Structures are given as C-alpha cells and as structure tokens.
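> File start24.cif below, mmCIF, C-alpha atoms:
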data_query
#
loop_
_atom_site.label_atom_id
_atom_site.label_comp_id
_atom_site.auth_asym_id
_atom_site.auth_seq_id
_atom_site.Cartn_x
_atom_site.Cartn_y
_atom_site.Cartn_z
CA MET H 27 10.78 64.82 9.95
CA ALA H 28 7.92 67.25 10.43
CA GLU H 29 5.67 64.39 11.50
CA LYS H 30 8.21 63.26 14.11
CA ASN H 31 8.45 66.79 15.46
CA ILE H 32 4.68 67.02 15.70
CA GLU H 33 4.61 63.70 17.54
CA LYS H 34 7.15 65.00 20.06
CA ASN H 35 5.14 68.17 20.64
CA ILE H 36 1.89 66.37 21.37
CA GLU H 37 1.07 66.62 25.04
CA LYS H 38 1.19 63.22 26.60
CA GLU H 39 0.11 62.33 30.08
CA THR H 40 3.26 61.40 31.90
CA THR H 41 3.70 60.23 35.49
CA PRO H 42 0.48 60.54 37.48
CA THR H 43 0.85 62.89 40.45
CA ASP H 44 -1.66 61.40 42.84
CA VAL H 45 0.11 58.07 43.45
CA ASN H 46 0.71 56.63 46.89
CA GLN H 47 1.61 52.96 46.45
CA ILE H 48 3.28 50.60 44.04
CA ASN H 49 2.01 47.02 44.12
CA PHE H 50 3.53 43.97 42.48
CA ASP H 51 4.16 40.27 43.00
CA TYR H 52 7.65 38.79 43.13
CA ASP H 53 8.71 35.26 43.81
CA GLY H 54 5.32 34.27 45.20
CA ARG H 55 4.96 37.28 47.50
CA HIS H 56 2.94 40.43 47.17
CA TYR H 57 4.79 43.71 47.76
CA CYS H 58 3.31 47.10 48.51
CA LEU H 59 5.80 49.97 48.30
CA GLU H 60 4.93 53.19 50.04
CA TYR H 61 6.60 56.12 51.75
CA THR H 62 5.35 57.43 55.05
CA ARG H 63 6.67 60.50 56.82
CA ASP H 64 8.37 58.24 59.33
CA THR H 65 10.16 56.22 56.67
CA ILE H 66 11.32 59.42 54.98
CA LYS H 67 12.61 60.61 58.34
CA GLN H 68 14.56 57.36 58.58
CA MET H 69 15.87 57.70 55.03
CA GLU H 70 17.05 61.25 55.70
CA GLY H 71 18.56 60.09 58.96
CA ALA H 72 20.62 57.62 56.94
CA GLY H 73 21.81 60.44 54.67
CA PHE H 74 19.34 60.37 51.77
CA ARG H 75 18.48 63.68 50.11
CA MET H 76 16.20 63.84 47.10
CA ASN H 77 17.99 66.95 45.82
CA ASP H 78 21.24 64.96 45.42
CA ILE H 79 19.74 62.52 42.97
CA GLY H 80 21.24 64.39 40.05
CA ASP H 81 24.74 64.35 41.58
CA MET H 82 24.75 60.76 42.82
CA PRO H 83 22.17 59.01 40.70
CA ALA H 84 23.23 55.43 41.28
CA THR H 85 23.43 55.74 45.06
CA ARG H 86 20.31 57.79 45.49
CA ILE H 87 18.24 55.64 43.16
CA GLU H 88 19.20 52.57 45.18
CA GLN H 89 18.34 54.33 48.44
CA LEU H 90 15.04 55.59 47.04
CA TRP H 91 14.12 52.04 45.98
CA GLN H 92 15.17 50.49 49.28
CA GLY H 93 13.40 53.18 51.30
CA ALA H 94 10.09 52.30 49.66
CA PHE H 95 10.23 48.90 51.40
CA LEU H 96 10.57 50.32 54.92
CA ALA H 97 6.86 50.97 55.47
CA HIS H 98 5.53 47.45 54.82
CA HIS H 99 8.51 45.15 54.13
CA ARG H 100 11.12 46.17 56.63
CA LYS H 101 12.40 42.63 57.12
CA THR H 102 13.01 41.92 53.43
CA SER H 103 16.73 41.45 52.87
CA LEU H 104 18.66 44.09 50.96
CA ASN H 105 19.97 41.53 48.48
CA ILE H 106 16.47 40.50 47.51
CA ILE H 107 15.47 44.16 47.22
CA LYS H 108 18.43 44.84 44.92
CA ASP H 109 17.69 41.77 42.77
CA MET H 110 14.08 42.81 42.53
CA PHE H 111 15.03 46.21 41.16
CA TYR H 112 16.90 44.74 38.20
CA GLU H 113 13.98 42.51 37.35
CA MET H 114 11.41 45.34 37.35
CA SER H 115 10.08 46.48 33.99
CA ASP H 116 10.29 50.12 32.84
CA ARG H 117 12.71 51.18 35.58
CA GLU H 118 12.84 54.78 34.38
CA GLU H 119 9.10 55.23 34.85
CA LEU H 120 9.31 53.32 38.12
CA MET H 121 11.85 55.79 39.51
CA LYS H 122 9.71 58.72 38.41
CA VAL H 123 6.73 57.27 40.23
CA LEU H 124 8.83 56.64 43.34
CA ALA H 125 10.12 60.22 43.25
CA THR H 126 6.52 61.46 42.92
CA MET H 127 5.43 59.32 45.86
CA TYR H 128 8.35 60.64 47.91
CA ASN H 129 7.51 64.25 47.09
CA ASN H 130 3.82 63.72 47.75
CA THR H 131 4.49 63.14 51.45
CA LEU H 132 5.43 66.84 51.58
CA SER H 133 3.18 68.26 48.87
CA TYR H 134 0.06 66.82 50.52
CA LEU H 135 0.80 69.08 53.50
CA MET H 136 0.23 72.10 51.30
CA PRO H 137 -3.21 73.34 50.27
CA ASP H 138 -3.76 72.12 46.72
CA ASN H 139 -5.57 73.39 43.67
CA GLU H 140 -8.98 72.26 44.88
CA GLU H 141 -8.62 74.62 47.77
CA ASN H 142 -7.32 77.51 45.69
CA PRO H 143 -9.23 77.39 42.41
CA GLY H 144 -7.71 80.68 41.31
CA ASN H 145 -4.24 79.12 40.97
CA VAL H 146 -2.78 78.66 37.51
CA LYS H 147 -3.37 75.21 36.03
CA TRP H 148 -0.47 73.58 34.18
CA THR H 149 0.25 70.31 32.45
CA ALA H 150 3.48 68.41 31.99
CA SER H 151 4.54 67.13 28.62
CA ARG H 152 7.55 65.56 26.97
CA MET T 20 13.91 71.82 50.76
CA ASP T 21 17.68 72.20 50.65
CA GLY T 22 17.73 75.35 52.76
CA GLU T 23 17.84 77.74 49.80
CA SER T 24 15.46 80.67 50.01
CA VAL T 25 12.40 80.57 47.75
CA SER T 26 11.01 83.48 45.72
CA ASP T 27 8.25 84.17 48.28
CA PRO T 28 10.03 85.69 51.33
CA ASP T 29 7.15 84.67 53.60
CA SER T 30 7.40 81.01 52.60
CA PRO T 31 9.54 78.97 55.02
CA SER T 32 12.51 77.06 53.63
CA TYR T 33 13.52 73.73 55.12
CA ALA T 34 16.80 71.89 55.09
CA SER T 35 15.01 68.57 54.81
CA TYR T 36 11.62 66.98 54.45
CA THR T 37 11.88 65.95 58.10
CA ASP T 38 12.09 69.61 59.17
CA ALA T 39 8.98 70.40 57.14
CA PHE T 40 7.13 67.45 58.68
CA LEU T 41 8.11 68.50 62.20
CA ASP T 42 6.93 72.03 61.47
CA ALA T 43 3.53 70.84 60.22
CA PHE T 44 3.07 68.18 62.91
CA PRO T 45 1.54 70.40 65.66
CA GLU T 46 -0.97 71.90 63.23
CA TYR T 47 -2.29 68.45 62.31
CA LEU T 48 -2.37 67.37 65.94
CA ALA T 49 -4.59 70.39 66.57
CA MET T 50 -6.86 69.18 63.78
CA GLY T 51 -7.31 65.88 65.60
CA MET T 52 -4.84 63.72 63.71
CA THR T 53 -3.04 61.19 65.88
CA PRO T 54 0.79 61.05 65.84
CA ASP T 55 0.57 57.50 64.46
CA GLU T 56 -1.62 58.65 61.57
CA PHE T 57 0.67 61.55 60.76
CA TRP T 58 3.96 59.63 60.83
CA HIS T 59 2.89 56.13 59.81
CA GLY T 60 -0.41 56.56 57.99
CA PRO T 61 -1.02 57.14 54.26
CA SER T 62 0.54 60.45 53.22
CA PHE T 63 -2.69 61.73 51.63
CA LEU T 64 -4.60 61.49 54.95
CA VAL T 65 -3.61 65.06 55.84
CA ARG T 66 -5.78 66.38 52.99
CA ALA T 67 -8.84 64.69 54.46
CA TYR T 68 -8.05 66.08 57.92
CA ARG T 69 -7.69 69.59 56.48
CA LYS T 70 -11.04 69.41 54.72
CA ALA T 71 -12.70 67.87 57.78
CA TYR T 72 -11.30 70.67 59.93
CA GLU T 73 -12.73 73.31 57.59
CA MET T 74 -16.11 71.58 57.71
CA LYS T 75 -15.97 71.44 61.52
CA LYS T 76 -15.25 75.18 61.71
CA ARG T 77 -18.16 75.88 59.39
CA TYR T 78 -20.56 73.72 61.40
CA ALA T 79 -19.42 75.37 64.63
CA GLU T 80 -20.08 78.79 63.10
CA TRP T 81 -23.59 77.70 62.08
CA GLU T 82 -24.20 76.47 65.61
CA ARG T 83 -23.10 79.83 67.06
CA TRP T 84 -25.37 81.60 64.61
CA ARG T 85 -28.34 79.44 65.60
CA MET T 86 -27.63 80.06 69.29
CA GLY T 87 -27.55 83.78 68.53
CA MET T 88 -30.98 83.44 66.91
CA TYR T 89 -32.41 81.84 70.04
CA ILE T 90 -30.96 84.61 72.19
CA TYR T 91 -32.24 87.28 69.80
CA GLU T 92 -35.67 85.66 69.85
CA ALA T 93 -35.70 85.49 73.64
CA VAL T 94 -34.58 89.11 74.06
CA GLY T 95 -37.16 90.16 71.49
CA LYS T 96 -39.87 88.49 73.55
CA LEU T 97 -38.69 90.42 76.60
CA ALA T 98 -38.56 93.73 74.71
CA PRO T 99 -42.08 94.92 75.71
CA ILE T 100 -41.17 94.51 79.38
CA ILE T 101 -37.89 96.36 78.88
CA ARG T 102 -39.67 99.14 76.97
CA ALA T 103 -42.28 99.45 79.68
CA THR T 104 -39.60 99.50 82.39
CA PHE T 105 -37.55 102.23 80.74
CA GLY T 106 -40.32 104.57 79.58
CA GLY T 107 -41.58 103.15 76.29
CA GLY T 108 -40.65 104.30 72.80
CA THR T 109 -41.35 103.11 69.31
CA VAL T 110 -37.85 102.23 68.13
CA LYS T 111 -37.83 98.95 66.20
CA ALA T 112 -35.13 96.37 66.95
CA GLY T 113 -32.59 95.75 64.21
CA ASP T 114 -32.79 92.56 62.17
CA TYR T 115 -30.70 89.59 63.18
CA VAL T 116 -27.89 88.71 60.71
CA ASP T 117 -29.36 86.48 58.02
CA ARG T 118 -26.42 84.03 57.93
CA PRO T 119 -23.26 83.15 59.93
CA PHE T 120 -20.27 85.44 59.60
CA PRO T 121 -17.85 84.30 56.89
CA LEU T 122 -14.76 82.41 58.03
CA THR T 123 -12.60 83.01 54.95
CA GLU T 124 -12.21 85.64 52.23
CA LYS T 125 -13.70 83.19 49.75
CA GLU T 126 -16.81 82.78 51.91
CA ALA T 127 -17.11 86.56 52.34
CA LYS T 128 -17.04 87.01 48.56
CA GLU T 129 -19.60 84.22 48.07
CA GLN T 130 -21.92 85.84 50.63
CA ALA T 131 -21.52 89.27 49.00
CA ASP T 132 -22.30 87.75 45.57
CA ALA T 133 -25.32 85.90 46.97
CA ARG T 134 -26.66 89.11 48.57
CA GLN T 135 -26.22 90.94 45.29
CA ILE T 136 -28.11 88.25 43.39
CA GLU T 137 -30.92 88.32 45.98
CA ALA T 138 -31.15 92.13 45.68
CA VAL T 139 -31.34 91.93 41.87
CA LYS T 140 -34.04 89.21 42.03
CA LYS T 141 -36.05 91.33 44.47
CA MET T 142 -35.76 94.33 42.16
CA ILE T 143 -36.87 92.27 39.16
CA ALA T 144 -39.83 90.94 41.15
CA VAL T 145 -40.84 94.49 42.12
CA MET T 146 -40.51 95.71 38.53
CA GLU T 147 -42.50 92.75 37.23
CA SER T 148 -45.28 93.31 39.74
CA GLU T 149 -45.37 97.05 38.84
CA SER T 150 -45.51 96.33 35.12
CA THR T 151 -48.21 93.71 35.71
CA ARG T 152 -50.21 96.27 37.71
CA ASN T 153 -49.77 98.87 34.96
CA LEU T 154 -50.85 96.37 32.33
CA LEU T 155 -53.96 95.42 34.30
CA GLU T 156 -54.81 99.09 34.77
CA GLN T 157 -54.41 99.73 31.06
CA GLN T 158 -56.62 96.75 30.25
CA ASN T 159 -59.29 97.97 32.67
CA GLU T 160 -59.18 101.47 31.19
CA ALA T 161 -59.48 100.07 27.68
CA LYS T 162 -62.41 97.92 28.74
CA GLU T 163 -64.17 100.87 30.37
CA ALA T 164 -63.53 103.01 27.29
CA ASN T 165 -65.08 100.31 25.10
CA GLU T 166 -68.09 99.98 27.39
CA ASN T 167 -68.62 103.75 27.47
CA GLY T 168 -68.20 103.93 23.73
CA ASP T 169 -70.90 101.31 23.31
#
Would you mind writing the file's structure down as structure tokens?


Amino acid sequence: MAEKNIEKNIEKETTPTDVNQINFDYDGRHYCLEYTRDTIKQMEGAGFRMNDIGDMPATRIEQLWQGAFLAHHRKTSLNIIKDMFYEMSDREELMKVLATMYNNTLSYLMPDNEENPGNVKWTASR
Amino acid sequence: MDGESVSDPDSPSYASYTDAFLDAFPEYLAMGMTPDEFWHGPSFLVRAYRKAYEMKKRYAEWERWRMGMYIYEAVGKLAPIIRATFGGGTVKAGDYVDRPFPLTEKEAKEQADARQIEAVKKMIAVMESESTRNLLEQQNEAKEANENGD
C-alpha cells in the first residue's frame, strides 16, 4: 500500500503545455488539427465556451473536437469527424491536449516565464 | 474569461476568448503583424512578434545613441570656436553617456549592476598596481641596503 502511495506521489510529466497541432492519419488521409484565433471566434460564435466543459461535458467535448478541424479540414463531414473521435486512442489525453491547444491561443498573448524570470516556477503532477 | 473579476484589479477580465483577442489585436498590428497572421496563423507567432518588437526597440535605441555620439563629436570639434567667440574659459565638456538609456526596469538594473562591476574591477586594478609599486619599492630598498651593507 505504501509503495502504491509513493508511486502516486511521484511527479510525472503530464500534458505538454507548448503544443499547437495534433497530427494523425485516418482512412488514407492525413489530418492536422489546430486552433487559430479565427476558428475559436467561430466556435464561440456558435455557442462554445471552454468554461462550460464541466457542466456539459459531452456537448462541449464534441464541439472542442469538431472545432479543431475548422482550421485545415473545414470540408470534412461531421459524421466522419464524429466517427474519427471514437476510433482515436487515449481519448482522455487527447481532450487534455486539445484543451491545452485551445487555451494556448490566449496564453501566448501574455508575456511568459522567459520574459519574467522572477515569476514562480511550478510543475503539474497527478 | 467568463467575465468574473480576477484577483489583480488591474488585470482586465473578458467574457470570452474573442473579446481578449479583439483587445490584443491592435497591439500586434502595431508590432507589424498582419491581420491574417493574427487571426489565421499559428497561435505561437505572437511570441515571436513580441520578441522581435523588443529587439527592434533596442536596436533603435542603439541607433539614437550612436547618432548622439556623432553630434557630440561634432559639437566638441566646434567647441574651440565657440569658446573663442564667447570669451574663452577652461571648463571641460561633460562626458557623453557610455551606453544607450535603458528601455525597461530590467535593463536599468542590468546597467547598474554592470557599472558596479566595472567600478569594482577598476578599484581592484588600482589596488593591485599600488601594491605592485610598493612591492617593487621594498625590493629596491632591500637591494640598496644589501649593496650598502656589502
């Protein structure tokens, strides 16, 4: 039991923060998922809000996934996009990465740690 | 992001990401980013534009400093004529600033630290040259004493 607790307390690198694209191949085609500020503007125009993801997880997760196709695969049909989601591996990690990519479009606008070396450094862990 | 106030009262709060983007948009246009790059380009591009803008400001400041040096040099060359015109005098012109004015607090601190280090090095050099001189004098005195003793 003690060993399991120690294992849980070990800091583990989780979702990388500096991610901008997700690339994969599906049904003979290469897909590059990315959020731009314009696609986020479109997503918010259609009613998406990242803060609601806890209240409406199913809906928001679907919208977050679909929104990632707007930048480079606008003409891909929604049915194919939905099917693709259920065939992706490690969907939990995938959603975390998508959420990070979504947030990065805003966080990149703010001066980061390299520009303010005096800021407190922190790490995420499970 | 949802319109709630944040702990820092000076930090703006936005109802949506779109509002935050629209607020930042003019600033990045001023930095030279095109609207297409801001809205449709990779999201990390803004970091490169910010750093490039800081570098541009620094280069421009260096250029102004160099221009000031040329002007200072030119006026200095004219100084004898000006002195002669206005009745002479032996007042020495002040030194030109040794580096461009700092643009940020961080730069000001770095310049102050650099000046302090230069002052300490100068002091050490002076002390070393004095101690070397004293040592040489002592050696000469000892040599003379030996010669006289012989």

> If you take only C-alpha atoms and a cut-off of 6 Å, which residues of stretch 58-120 of chain T touch stretch 51-74 of chain H, and what are their nearest atom pairs and distances in Å to one decimal, in chain and number order, as CSV?


residue,atom,partner,partner_atom,distance
T:Trp58,CA,H:Asp64,CA,4.9
T:His59,CA,H:Thr62,CA,5.5
T:Ser62,CA,H:Thr62,CA,6.0

> Include C-alpha atoms and write out the residues we just selected as an mmCIF file, in the frame of the given file.


data_model
loop_
_atom_site.group_PDB
_atom_site.id
_atom_site.type_symbol
_atom_site.label_atom_id
_atom_site.label_comp_id
_atom_site.auth_asym_id
_atom_site.auth_seq_id
_atom_site.Cartn_x
_atom_site.Cartn_y
_atom_site.Cartn_z
ATOM 1 C CA TRP T 58 3.960 59.630 60.830
ATOM 2 C CA HIS T 59 2.890 56.130 59.810
ATOM 3 C CA SER T 62 0.540 60.450 53.220
#

> So what do you get for atom CA of T:Ala131 versus atom CA of T:Gly113, distance-wise?

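Spanning atom CA of T:Ala131 to atom CA of T:Gly113 is a straight-line distance of 19.9 Å.
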
> Neighbourhood query: residues within 10 Å of (16.4, 64.0, 47.2), file coordinates, counting only C-alpha atoms; return as a list in words.

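So the residues meeting the distance criterion are Glu70, Gly73, Phe74, Arg75, Met76, Asn77, Asp78, Ile79, Gly80, Met82, Arg86, Ile87, Gln89, Leu90, Ala125, Tyr128 and Asn129 of chain H; Met20, Asp21, Ser35 and Tyr36 of chain T.
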
> What does the structure give for the distance between atom CA of T:Tyr47 and atom CA of T:Val65, in Å to one decimal?

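Distance between the two atoms: 7.4 Å.
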
> Closest to chain H among T:Lys141, T:Arg83, T:Lys76, T:Arg66, using only C-alpha atoms?

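Result for the nearest residue to chain H: T:Arg66.
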
> Dump as a PyMOL selection string the residues of chain T that approach chain H to within 12 Å, counting only C-alpha atoms.

chain T and resi 20-23+30+33-44+46-47+54-70+73+123-125

> Take atom CA of T:Gly95 and atom CA of T:Tyr115 and report the distance between them in Å, one decimal.

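Atom CA of T:Tyr115 lies at a distance of 10.5 Å from atom CA of T:Gly95.
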
> Which residue, H:Gln92, H:Asn49, H:Thr85, H:Thr43, has the smallest gap to H:Lys108 when you use all atoms listed in the file?

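Distance minimum relative to H:Lys108 lands on H:Gln92.
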
> Might you pull out every residue within 12 Å of H:Ile107, with all atoms listed in the file counted and same-chain residues fewer than 2 positions away left off, and present them as a PyMOL selection string?

chain H and resi 52-53+57+59+88-96+99-105+109-114

> Put a box with edges along x, y and z around all the listed atoms of stretch 126-131 of chain T, pad it by 5 Å on each side, then give me its centre and sizes in Å, one decimal, as lines of an AutoDock Vina configuration file.


center_x = -19.4
center_y = 86.0
center_z = 50.2
size_x = 15.1
size_y = 16.5
size_z = 14.3

> Given the file above and the PyMOL selection byres ((chain T and resi 80-82) around 12), which residues are selected, and can you give them as an NGL selection string?

:T and (73-79 or 83-89 or 116-123)

> Go ahead and dump the residues you just picked, C-alpha atoms, as a CSV table (one decimal), in the coordinates of the input.


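The result, stored in result-v2.csv:
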chain,number,residue,atom,x,y,z
T,73,GLU,CA,-12.7,73.3,57.6
T,74,MET,CA,-16.1,71.6,57.7
T,75,LYS,CA,-16.0,71.4,61.5
T,76,LYS,CA,-15.2,75.2,61.7
T,77,ARG,CA,-18.2,75.9,59.4
T,78,TYR,CA,-20.6,73.7,61.4
T,79,ALA,CA,-19.4,75.4,64.6
T,83,ARG,CA,-23.1,79.8,67.1
T,84,TRP,CA,-25.4,81.6,64.6
T,85,ARG,CA,-28.3,79.4,65.6
T,86,MET,CA,-27.6,80.1,69.3
T,87,GLY,CA,-27.6,83.8,68.5
T,88,MET,CA,-31.0,83.4,66.9
T,89,TYR,CA,-32.4,81.8,70.0
T,116,VAL,CA,-27.9,88.7,60.7
T,117,ASP,CA,-29.4,86.5,58.0
T,118,ARG,CA,-26.4,84.0,57.9
T,119,PRO,CA,-23.3,83.2,59.9
T,120,PHE,CA,-20.3,85.4,59.6
T,121,PRO,CA,-17.8,84.3,56.9
T,122,LEU,CA,-14.8,82.4,58.0
T,123,THR,CA,-12.6,83.0,55.0

> When you get a chance, write out N, CA and C atoms for stretch 59-86 of chain T, as a CSV table (one decimal), in the frame of the given file.


chain,number,residue,atom,x,y,z
T,59,HIS,N,2.9,57.5,60.4
T,59,HIS,CA,2.9,56.1,59.8
T,59,HIS,C,1.7,55.9,58.9
T,60,GLY,N,0.8,56.8,58.8
T,60,GLY,CA,-0.4,56.6,58.0
T,60,GLY,C,-0.2,57.0,56.5
T,61,PRO,N,-1.2,56.7,55.7
T,61,PRO,CA,-1.0,57.1,54.3
T,61,PRO,C,-0.8,58.6,54.2
T,62,SER,N,0.1,59.0,53.3
T,62,SER,CA,0.5,60.4,53.2
T,62,SER,C,-0.6,61.4,52.8
T,63,PHE,N,-1.6,60.9,52.1
T,63,PHE,CA,-2.7,61.7,51.6
T,63,PHE,C,-3.7,62.0,52.7
T,64,LEU,N,-3.6,61.3,53.9
T,64,LEU,CA,-4.6,61.5,55.0
T,64,LEU,C,-4.7,62.9,55.4
T,65,VAL,N,-3.6,63.7,55.4
T,65,VAL,CA,-3.6,65.1,55.8
T,65,VAL,C,-4.6,65.9,55.1
T,66,ARG,N,-4.8,65.6,53.8
T,66,ARG,CA,-5.8,66.4,53.0
T,66,ARG,C,-7.2,66.2,53.6
T,67,ALA,N,-7.5,65.0,53.9
T,67,ALA,CA,-8.8,64.7,54.5
T,67,ALA,C,-9.0,65.4,55.8
T,68,TYR,N,-8.0,65.4,56.6
T,68,TYR,CA,-8.0,66.1,57.9
T,68,TYR,C,-8.2,67.6,57.7
T,69,ARG,N,-7.6,68.1,56.7
T,69,ARG,CA,-7.7,69.6,56.5
T,69,ARG,C,-9.1,69.9,56.1
T,70,LYS,N,-9.7,69.1,55.2
T,70,LYS,CA,-11.0,69.4,54.7
T,70,LYS,C,-12.0,69.2,55.9
T,71,ALA,N,-11.8,68.1,56.6
T,71,ALA,CA,-12.7,67.9,57.8
T,71,ALA,C,-12.6,69.0,58.8
T,72,TYR,N,-11.5,69.6,59.0
T,72,TYR,CA,-11.3,70.7,59.9
T,72,TYR,C,-12.1,71.9,59.5
T,73,GLU,N,-12.0,72.2,58.1
T,73,GLU,CA,-12.7,73.3,57.6
T,73,GLU,C,-14.2,73.1,57.8
T,74,MET,N,-14.7,71.9,57.5
T,74,MET,CA,-16.1,71.6,57.7
T,74,MET,C,-16.5,71.8,59.2
T,75,LYS,N,-15.7,71.3,60.1
T,75,LYS,CA,-16.0,71.4,61.5
T,75,LYS,C,-16.1,72.9,61.9
T,76,LYS,N,-15.2,73.7,61.4
T,76,LYS,CA,-15.2,75.2,61.7
T,76,LYS,C,-16.5,75.8,61.2
T,77,ARG,N,-16.9,75.3,60.0
T,77,ARG,CA,-18.2,75.9,59.4
T,77,ARG,C,-19.4,75.5,60.2
T,78,TYR,N,-19.4,74.2,60.6
T,78,TYR,CA,-20.6,73.7,61.4
T,78,TYR,C,-20.6,74.5,62.7
T,79,ALA,N,-19.5,74.7,63.3
T,79,ALA,CA,-19.4,75.4,64.6
T,79,ALA,C,-19.9,76.8,64.5
T,80,GLU,N,-19.6,77.4,63.3
T,80,GLU,CA,-20.1,78.8,63.1
T,80,GLU,C,-21.6,78.8,62.9
T,81,TRP,N,-22.1,77.8,62.2
T,81,TRP,CA,-23.6,77.7,62.1
T,81,TRP,C,-24.3,77.5,63.4
T,82,GLU,N,-23.6,76.7,64.3
T,82,GLU,CA,-24.2,76.5,65.6
T,82,GLU,C,-24.2,77.8,66.4
T,83,ARG,N,-23.1,78.6,66.3
T,83,ARG,CA,-23.1,79.8,67.1
T,83,ARG,C,-24.2,80.8,66.5
T,84,TRP,N,-24.4,80.7,65.2
T,84,TRP,CA,-25.4,81.6,64.6
T,84,TRP,C,-26.8,81.2,65.1
T,85,ARG,N,-27.0,79.9,65.1
T,85,ARG,CA,-28.3,79.4,65.6
T,85,ARG,C,-28.5,79.8,67.1
T,86,MET,N,-27.5,79.7,67.9
T,86,MET,CA,-27.6,80.1,69.3
T,86,MET,C,-28.0,81.6,69.4
